[in-house]
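The structure under discussion appears below in the form of structure tokens.
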Amino acid sequence: MTQLIQYANLRPAPWKNGGGSTTEITVFPAGASFDAFDWRISLATIAQDGPFSSFPGIDRSLALVAGDGVLLDFGDERFVLSPSEPLIEFAGEDAVHATVSGQQTTDFNVMTRRGVCRHRLELRVVRGTEALKRRSGTTLLFLADGESLTLSSARERIAMVRYDTVIIEAEEDWTLEAQQATVMVADIIRN
């Protein structure tokens with residue numbers, strides 16, 4: 001089964017600290033709260049410096065989608081999420097402080113509950129037609145940049161525009177087609 005989630009139909013929720021907003025793309029099981037989800041995919045806008053929320057027992061990946069970047073302080077370690085280093089993985093319970101380096105950033109966020117499932121996030125640039133190699137029972141494709149992307153199998157053809165997401169659970173061969181697009185591929189692996 002495949003499901004297209006159109007970004008145009010989603011609504012952002014402002015953070016309590018006023019430092020940004022999060023648009024939940026999908027959560028499993030559907031409608032699960034922060035304490036009960038197995039996995040969650042969202043798009044966050046960081047507009048001001050401030051701490052990240054703590055998510056004990058959750059593994060996170062963050063990928064820069066738009067903006068100059070953000071400096072992430074993990075106590076005595078620092079990481080600059082930037083166009084040249086667009087991906088980072090960390091534990092949800094880590095104390096993280098964000099410093100916006102310029103304008104606000106938009107970041108793709110994957111969270112999985114440790115002990116239940118895990119994930120792998122990959123940034124992929126598509127030019128022309130390419131095969132999608134499946135590595136898990138659930139694969140999510142997020143169109144991070146580019147005007148459009150077409151996802152095709154022997155039975156389906158799905159047109160995506162920027163910030164749309166497709167969830168793939170069908171065991172089929174898939175093809176990605178775009179003039180040029182940046183795609184986030186998130187594989188959810190059950191333990």
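Labels used: A, B, ... for chains in the order of the structure tokens, numbers from 1 for residues in each chain, and numbers from 1 for ligands as shown.
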**OP:** Would you list, as a ChimeraX atom specification, the residues of region 25-139 of chain A that end up in strand (DSSP E) under DSSP run on this structure's backbone?
**Re:** /A:25-28,39-46,50-51,58-66,70-74,77-81,87-91,97-100,105-113,117-132,138-139
Within 7 Å of Phe74 (chain A), counting only C-alpha atoms, which residues qualify if same-chain residues fewer than 2 places away don't, as a short mmCIF file (atom, residue, chain, number, x, y, z; two decimals) with N, CA, C and O atoms, in the first residue's frame?
data_model
loop_
_atom_site.label_atom_id
_atom_site.label_comp_id
_atom_site.auth_asym_id
_atom_site.auth_seq_id
_atom_site.Cartn_x
_atom_site.Cartn_y
_atom_site.Cartn_z
N LEU A 72 24.24 23.37 16.48
CA LEU A 72 23.66 22.54 17.53
C LEU A 72 24.72 22.26 18.59
O LEU A 72 25.76 21.67 18.29
N ASP A 76 29.49 19.67 25.46
CA ASP A 76 30.86 19.97 25.04
C ASP A 76 31.12 19.67 23.56
O ASP A 76 32.23 19.81 23.08
N GLU A 77 30.10 19.25 22.83
CA GLU A 77 30.25 18.99 21.39
C GLU A 77 29.37 19.96 20.61
O GLU A 77 28.29 20.33 21.06
N ARG A 78 29.86 20.33 19.41
CA ARG A 78 29.09 21.22 18.53
C ARG A 78 29.01 20.59 17.15
O ARG A 78 29.95 19.93 16.69
N ASP A 94 19.25 13.70 24.50
CA ASP A 94 20.40 14.60 24.52
C ASP A 94 19.94 16.05 24.74
O ASP A 94 18.94 16.48 24.16
N ALA A 95 20.67 16.77 25.58
CA ALA A 95 20.40 18.20 25.77
C ALA A 95 21.00 18.94 24.58
O ALA A 95 22.22 18.94 24.40
N VAL A 96 20.16 19.54 23.74
CA VAL A 96 20.61 20.21 22.52
C VAL A 96 20.12 21.65 22.55
O VAL A 96 18.95 21.91 22.81
N HIS A 97 21.03 22.57 22.27
CA HIS A 97 20.68 23.98 22.15
C HIS A 97 20.97 24.42 20.72
O HIS A 97 22.06 24.18 20.20
#
Subject >> Distance in Å - CA of Ala47 (chain A) versus CA of Gly31 (chain A) >> reply: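 So the two atoms, CA of Ala47 (chain A) and CA of Gly31 (chain A), lie 26.7 Å apart.
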Can I get the residues of region 84-135 of chain A within 10 Å of region 13-23 of chain A, each with the closest pair of atoms and their distance in Å to one decimal, using only C-alpha atoms, sorted chain first then ascending number, as a tab-separated table?
residue	atom	partner	partner_atom	distance
A:Ala98	CA	A:Gly19	CA	9.9
A:Gln104	CA	A:Gly20	CA	8.5
A:Thr105	CA	A:Gly20	CA	9.3
A:Thr106	CA	A:Thr22	CA	9.4
A:Asp107	CA	A:Thr22	CA	9.4
A:Phe108	CA	A:Thr23	CA	9.7
A:Asn109	CA	A:Thr22	CA	9.5
Original post:
In terms of the shortest atom-to-atom distance over only C-alpha atoms, which of A:Glu177, A:Glu24, A:Asp187, A:Glu172 is closest to Val125 (chain A)?
Top reply: A:Glu177
